[in-house]
>>> print(open('start-v5.tsv').read())   # TSV, C-alpha atoms
chain	number	residue	atom	x	y	z
V	1	MET	CA	15.32	42.96	-17.72
V	2	ARG	CA	12.91	41.87	-20.47
V	3	LYS	CA	15.20	38.99	-21.33
V	4	ARG	CA	15.13	37.73	-17.73
V	5	VAL	CA	11.32	37.93	-17.62
V	6	PHE	CA	11.09	36.04	-20.93
V	7	VAL	CA	13.38	33.27	-19.67
V	8	PHE	CA	11.38	33.03	-16.42
V	9	VAL	CA	8.10	32.66	-18.36
V	10	LEU	CA	9.57	29.94	-20.56
V	11	LEU	CA	10.94	28.11	-17.51
V	12	SER	CA	7.54	28.29	-15.79
V	13	ILE	CA	5.79	26.85	-18.85
V	14	PHE	CA	8.44	24.13	-19.10
V	15	LEU	CA	8.10	23.12	-15.45
V	16	SER	CA	4.30	23.27	-15.54
V	17	GLY	CA	4.41	20.78	-18.42
V	18	PHE	CA	6.52	18.48	-16.27
V	19	SER	CA	4.20	18.76	-13.30
V	20	SER	CA	1.09	18.03	-15.39
V	21	ALA	CA	2.65	15.00	-17.10
V	22	ILE	CA	2.60	12.91	-13.91
V	23	SER	CA	0.45	13.32	-10.80
V	24	THR	CA	-0.41	11.44	-7.60
V	25	ASP	CA	-3.12	11.45	-4.95
V	26	MET	CA	-0.53	11.65	-2.18
V	27	LYS	CA	-1.72	13.56	0.89
V	28	SER	CA	0.13	16.66	2.03
V	29	THR	CA	0.49	15.37	5.60
V	30	TYR	CA	0.85	11.93	7.21
V	31	ALA	CA	1.05	10.78	10.80
V	32	PRO	CA	4.36	9.27	11.97
V	33	ALA	CA	4.61	5.59	10.82
V	34	GLU	CA	1.35	5.81	8.86
V	35	THR	CA	1.08	3.60	5.77
V	36	MET	CA	1.12	5.86	2.72
V	37	ILE	CA	-0.92	4.46	-0.20
V	38	ILE	CA	-0.35	6.51	-3.34
V	39	LYS	CA	-1.89	6.25	-6.81
V	40	ILE	CA	0.35	7.46	-9.66
V	41	SER	CA	-1.41	8.82	-12.74
V	42	GLY	CA	-0.28	10.18	-16.09
V	43	ASN	CA	1.04	9.09	-19.45
V	44	ILE	CA	3.75	6.66	-18.36
V	45	VAL	CA	5.41	5.27	-21.48
V	46	ASP	CA	7.98	2.84	-20.06
V	47	PRO	CA	7.22	0.60	-17.04
V	48	LEU	CA	8.10	2.08	-13.65
V	49	SER	CA	10.34	0.19	-11.24
V	50	VAL	CA	10.66	0.47	-7.48
V	51	LYS	CA	14.34	1.23	-8.10
V	52	GLN	CA	13.28	4.60	-9.53
V	53	VAL	CA	11.65	5.63	-6.23
V	54	GLN	CA	13.43	7.58	-3.52
V	55	PHE	CA	12.43	9.50	-0.41
V	56	ILE	CA	14.56	12.42	0.78
V	57	ARG	CA	14.26	15.12	3.39
V	58	ALA	CA	13.01	18.31	1.78
V	59	GLY	CA	15.92	20.50	0.75
V	60	ASN	CA	18.35	17.61	1.12
V	61	VAL	CA	19.83	15.07	-1.27
V	62	GLN	CA	20.31	12.28	1.24
V	63	GLU	CA	17.92	9.34	0.96
V	64	VAL	CA	15.70	8.55	3.94
V	65	PRO	CA	15.54	4.82	4.80
V	66	MET	CA	11.92	3.73	4.38
V	67	THR	CA	10.00	0.53	3.67
V	68	TYR	CA	8.13	0.85	0.36
V	69	ASP	CA	7.13	-0.89	-2.86
V	70	LEU	CA	5.69	0.03	-6.25
V	71	LYS	CA	3.64	-2.13	-8.61
V	72	LYS	CA	1.21	-1.84	-11.48
V	73	LEU	CA	-2.21	-3.22	-10.59
V	74	GLY	CA	-4.16	-3.55	-13.80
V	75	ASP	CA	-3.61	-0.27	-15.65
V	76	THR	CA	-2.62	1.79	-12.62
V	77	TYR	CA	0.61	2.21	-10.67
V	78	TYR	CA	0.46	2.23	-6.88
V	79	LEU	CA	3.17	3.06	-4.37
V	80	TRP	CA	2.98	2.27	-0.67
V	81	ALA	CA	5.41	3.29	2.03
V	82	ILE	CA	5.65	3.45	5.82
V	83	ALA	CA	6.03	7.13	6.70
V	84	PRO	CA	9.03	8.08	8.86
V	85	LYS	CA	8.48	8.44	12.59
V	86	SER	CA	10.48	11.67	12.65
V	87	ILE	CA	8.40	14.83	12.25
V	88	ASN	CA	9.82	16.68	9.26
V	89	SER	CA	9.26	17.68	5.64
V	90	TYR	CA	10.04	15.10	2.95
V	91	THR	CA	10.05	14.71	-0.82
V	92	LEU	CA	8.95	11.77	-2.94
V	93	VAL	CA	11.25	11.42	-5.97
V	94	VAL	CA	10.55	9.19	-8.99
V	95	LYS	CA	13.54	9.28	-11.34
V	96	ASP	CA	13.73	8.82	-15.10
V	97	VAL	CA	9.99	8.70	-15.80
V	98	SER	CA	9.36	8.20	-19.52
V	99	THR	CA	6.35	10.31	-20.46
V	100	THR	CA	5.29	13.06	-22.87
V	101	VAL	CA	5.40	16.82	-22.34
V	102	ALA	CA	3.20	18.80	-24.74
V	103	GLY	CA	3.01	15.70	-26.92
V	104	THR	CA	6.77	15.27	-27.10
V	105	PRO	CA	8.51	12.21	-25.59
V	106	ALA	CA	10.49	13.21	-22.51
V	107	LYS	CA	12.21	11.69	-19.51
V	108	ILE	CA	11.52	13.62	-16.31
V	109	GLU	CA	12.17	13.46	-12.59
V	110	PHE	CA	8.93	13.68	-10.64
V	111	ARG	CA	9.01	15.31	-7.18
V	112	GLN	CA	6.29	15.94	-4.64
V	113	ASN	CA	6.62	17.23	-1.09
V	114	PHE	CA	4.78	15.97	1.98
V	115	SER	CA	5.17	16.36	5.71
V	116	VAL	CA	5.02	14.06	8.72
V	117	SER	CA	3.44	15.59	11.81
V	118	GLY	CA	1.17	14.88	14.77
V	119	ASN	CA	1.00	11.84	17.02
V	120	LEU	CA	2.24	8.35	16.19
V	121	THR	CA	-0.35	6.48	14.10
V	122	ALA	CA	-2.37	3.74	15.83
V	123	TYR	CA	-1.23	1.03	13.38
V	124	SER	CA	0.44	0.55	10.01
V	125	LEU	CA	0.01	-2.10	7.30
V	126	SER	CA	2.51	-3.94	5.14
V	127	PRO	CA	2.00	-4.25	2.21
V	128	GLY	CA	-0.24	-1.33	1.29
V	129	PHE	CA	-1.67	-2.99	-1.81
V	130	ILE	CA	-2.60	-6.56	-2.77
V	131	LEU	CA	-1.60	-8.57	-5.83
V	132	ALA	CA	-2.72	-12.17	-5.31
V	133	ASP	CA	-4.08	-15.33	-6.91
V	134	ARG	CA	-4.45	-17.29	-3.67
V	135	GLU	CA	-4.72	-16.80	0.08
V	136	PHE	CA	-2.65	-13.82	1.17
V	137	GLN	CA	-1.63	-12.04	4.36
V	138	ILE	CA	-0.70	-8.60	5.65
V	139	GLN	CA	1.43	-7.61	8.61
V	140	VAL	CA	-0.15	-5.09	10.96
V	141	GLN	CA	2.00	-3.17	13.41
V	142	LEU	CA	0.01	-1.90	16.41
V	143	TYR	CA	1.69	0.97	18.24
V	144	THR	CA	-0.48	0.89	21.37
V	145	ASP	CA	-0.14	-1.26	24.50
V	146	GLU	CA	-3.76	-2.42	24.40
V	147	PRO	CA	-5.37	-4.81	21.87
V	148	LYS	CA	-7.50	-3.18	19.21
V	149	SER	CA	-10.30	-4.50	16.98
V	150	VAL	CA	-10.67	-3.32	13.39
V	151	SER	CA	-13.03	-4.36	10.61
V	152	THR	CA	-12.33	-5.58	7.09
V	153	ASN	CA	-14.59	-6.37	4.13
V	154	PHE	CA	-12.61	-9.25	2.61
V	155	PRO	CA	-13.54	-11.98	1.94
V	156	LYS	CA	-16.60	-10.82	3.88
V	157	GLU	CA	-17.36	-8.33	6.64
V	158	ARG	CA	-15.53	-9.41	9.78
V	159	SER	CA	-13.68	-8.08	12.80
V	160	VAL	CA	-9.95	-8.62	13.35
V	161	SER	CA	-8.27	-8.42	16.75
V	162	LEU	CA	-4.84	-6.75	16.75
V	163	GLN	CA	-2.31	-7.32	19.48
V	164	PRO	CA	0.42	-4.88	20.54
V	165	GLY	CA	3.36	-5.33	18.19
V	166	THR	CA	3.00	-7.30	14.94
V	167	THR	CA	-0.11	-9.28	13.98
V	168	THR	CA	-0.29	-11.42	10.84
V	169	VAL	CA	-3.76	-11.28	9.31
V	170	MET	CA	-4.73	-14.01	6.83
V	171	PHE	CA	-7.20	-13.42	4.01
V	172	PRO	CA	-8.84	-16.58	2.59
V	173	PHE	CA	-9.28	-16.51	-1.18
V	174	GLU	CA	-12.98	-17.20	-1.31
V	175	ASN	CA	-15.56	-16.47	-4.03
V	176	VAL	CA	-13.01	-14.82	-6.30
V	177	VAL	CA	-13.93	-15.65	-9.90
V	178	GLY	CA	-11.93	-14.23	-12.77
V	179	THR	CA	-9.74	-11.14	-12.53
V	180	GLN	CA	-10.99	-8.48	-10.13
V	181	VAL	CA	-9.71	-4.96	-9.50
V	182	ARG	CA	-11.22	-3.84	-6.22
V	183	THR	CA	-10.53	-2.16	-2.91
V	184	ILE	CA	-10.18	-3.89	0.43
V	185	THR	CA	-10.92	-1.92	3.55
V	186	PHE	CA	-8.97	-2.63	6.72
V	187	GLY	CA	-9.76	-0.29	9.58
V	188	THR	CA	-8.91	3.24	8.45
V	189	TYR	CA	-7.02	2.05	5.36
V	190	THR	CA	-8.28	1.34	1.84
V	191	LEU	CA	-6.02	-1.07	-0.04
V	192	PRO	CA	-6.12	-1.34	-3.84
V	193	ALA	CA	-6.24	-5.00	-4.85
V	194	TYR	CA	-5.69	-6.97	-8.06
V	195	LEU	CA	-7.08	-10.48	-7.56
V	196	VAL	CA	-6.82	-13.34	-10.05
V	197	GLY	CA	-9.34	-16.05	-9.24
V	198	GLY	CA	-10.41	-19.27	-10.90
V	199	SER	CA	-12.96	-19.59	-13.68
V	200	LEU	CA	-16.60	-20.45	-13.12
V	201	GLY	CA	-16.84	-24.18	-12.55
V	202	SER	CA	-13.14	-24.63	-11.82
V	203	SER	CA	-11.84	-26.63	-8.87
V	204	SER	CA	-10.50	-23.59	-7.06
V	205	GLY	CA	-12.70	-24.17	-4.04
V	206	SER	CA	-15.04	-21.32	-4.85
V	207	ALA	CA	-18.52	-21.37	-3.37
V	208	LEU	CA	-19.75	-21.27	-6.97
V	209	ASP	CA	-18.32	-24.75	-7.65
V	210	VAL	CA	-21.45	-26.87	-7.25
V	211	PRO	CA	-21.14	-30.67	-7.91
V	212	LEU	CA	-23.65	-31.95	-10.47
V	213	SER	CA	-25.27	-35.43	-10.63
V	214	PHE	CA	-27.82	-36.94	-12.98
V	215	ALA	CA	-30.52	-39.55	-12.40
V	216	PRO	CA	-31.29	-41.76	-14.15
V	217	THR	CA	-27.93	-42.27	-15.77
V	218	LEU	CA	-29.48	-43.66	-18.99
V	219	LEU	CA	-32.50	-42.56	-21.00
V	220	SER	CA	-34.07	-44.84	-23.64
V	221	ARG	CA	-36.94	-44.14	-25.98
V	222	THR	CA	-38.47	-46.16	-28.85
V	223	LEU	CA	-39.69	-44.26	-31.87
V	224	SER	CA	-42.30	-45.83	-34.22
V	225	LEU	CA	-41.62	-45.54	-37.93
>>> encode(input="start-v5.tsv", output="structure tokens")
Amino acid sequence: MRKRVFVFVLLSIFLSGFSSAISTDMKSTYAPAETMIIKISGNIVDPLSVKQVQFIRAGNVQEVPMTYDLKKLGDTYYLWAIAPKSINSYTLVVKDVSTTVAGTPAKIEFRQNFSVSGNLTAYSLSPGFILADREFQIQVQLYTDEPKSVSTNFPKERSVSLQPGTTTVMFPFENVVGTQVRTITFGTYTLPAYLVGGSLGSSSGSALDVPLSFAPTLLSRTLSL
């Protein structure tokens, strides 16, 4: 009996080390078809690839077909996905994550459960994060039969009209100087963004590019010796 308890304690410590090595800010519940935007944190030694990501039904091994992508924006990994429309329990799986457990290099499989419940979301976005060095766009899927207006803060505060079905929303690349890690709000969503703009004084079309002129074009002065 003591031996079984000892093994159980060791296993608990072992698994707790795995769970603390990698973490996410994934919510426990999403609406059907909602865009899931997930930040992945932890000591990730080797680069993560979207090929390591999988979604399965909880308690099952079969992969659930979903639209998703994973990228590193600056120093942080983000994963976005369109939640299934079917109400159920699901598991996010990230395979072969190179990390450290108690200071020792290890390769783990990260798992986290979430559920899909409630009514169909009003609209979803694709993609759920932005990596851009020029004008970019997102696809918005509106699941209602009436147009809907939402607000965004990029490149400035404005209102966007969504039509039933798919709407392509363009984002002009204005006033972006240097590399910026920021968030872009779009309706109820907050999108992490990594923007690479031009330098100050470049010809990127920024509002900071001010043409200079000089008059007179020649200055002359006589100095007495």
>>> residues_around(input="start-v5.tsv", residues="V:Tyr90", least_positions_apart="2", cutoff="7 Å", atoms="only C-alpha atoms", output="VMD selection string")
chain V and resid 55 to 58 88 92 113 to 115
>>> atom_distance(input="start-v5.tsv", atom1="atom CA of V:Ser28", atom2="atom CA of V:Gly74")
26.0 Å
>>> closest_residue(input="start-v5.tsv", among="V:Val53, V:Val64, V:Val45, V:Leu70", to="V:Val93", atoms="only C-alpha atoms")
V:Val53
>>> atom_distance(input="start-v5.tsv", atom1="atom CA of V:Ala21", atom2="atom CA of V:Gly59")
22.9 Å
>>> closest_atom_pairs(input="start-v5.tsv", of="stretch 90-128 of chain V", to="stretch 133-140 of chain V", cutoff="6 Å", atoms="all atoms listed in the file", output="tab-separated table")
residue	atom	partner	partner_atom	distance
V:Ser124	CA	V:Val140	CA	5.7
V:Leu125	CA	V:Val140	CA	4.7
V:Ser126	CA	V:Gln139	CA	5.2
>>> closest_residue(input="start-v5.tsv", among="V:Gln112, V:Thr91, V:Asn43, V:Asn175", to="V:Glu63", atoms="all atoms listed in the file")
V:Thr91
>>> closest_residue(input="start-v5.tsv", among="V:Ile87, V:Ala122, V:Val116, V:Val181", to="V:Leu142", atoms="all atoms listed in the file")
V:Ala122
>>> residues_around(input="start-v5.tsv", residues="stretch 96-102 of chain V", least_positions_apart="6", cutoff="6 Å", atoms="only C-alpha atoms", output="list in words")
Gly17, Asn43, Ile44, Val45, Asp46, Ile108 and Glu109 of chain V
>>> closest_residue(input="start-v5.tsv", among="V:Gln52, V:Gln180, V:Thr35, V:Thr29", to="V:Ser89", atoms="all atoms listed in the file")
V:Thr29
>>> residues_around(input="start-v5.tsv", residues="V:Val50", least_positions_apart="5", cutoff="12 Å", atoms="only C-alpha atoms", output="list of chain:residue names")
V:Phe55, V:Thr67, V:Tyr68, V:Asp69, V:Leu70, V:Lys71, V:Lys72, V:Tyr77, V:Tyr78, V:Leu79, V:Trp80, V:Ala81, V:Val93, V:Val94, V:Lys95, V:Asp96, V:Val97
>>> atom_distance(input="start-v5.tsv", atom1="atom CA of V:Thr179", atom2="atom CA of V:Leu73")
11.1 Å
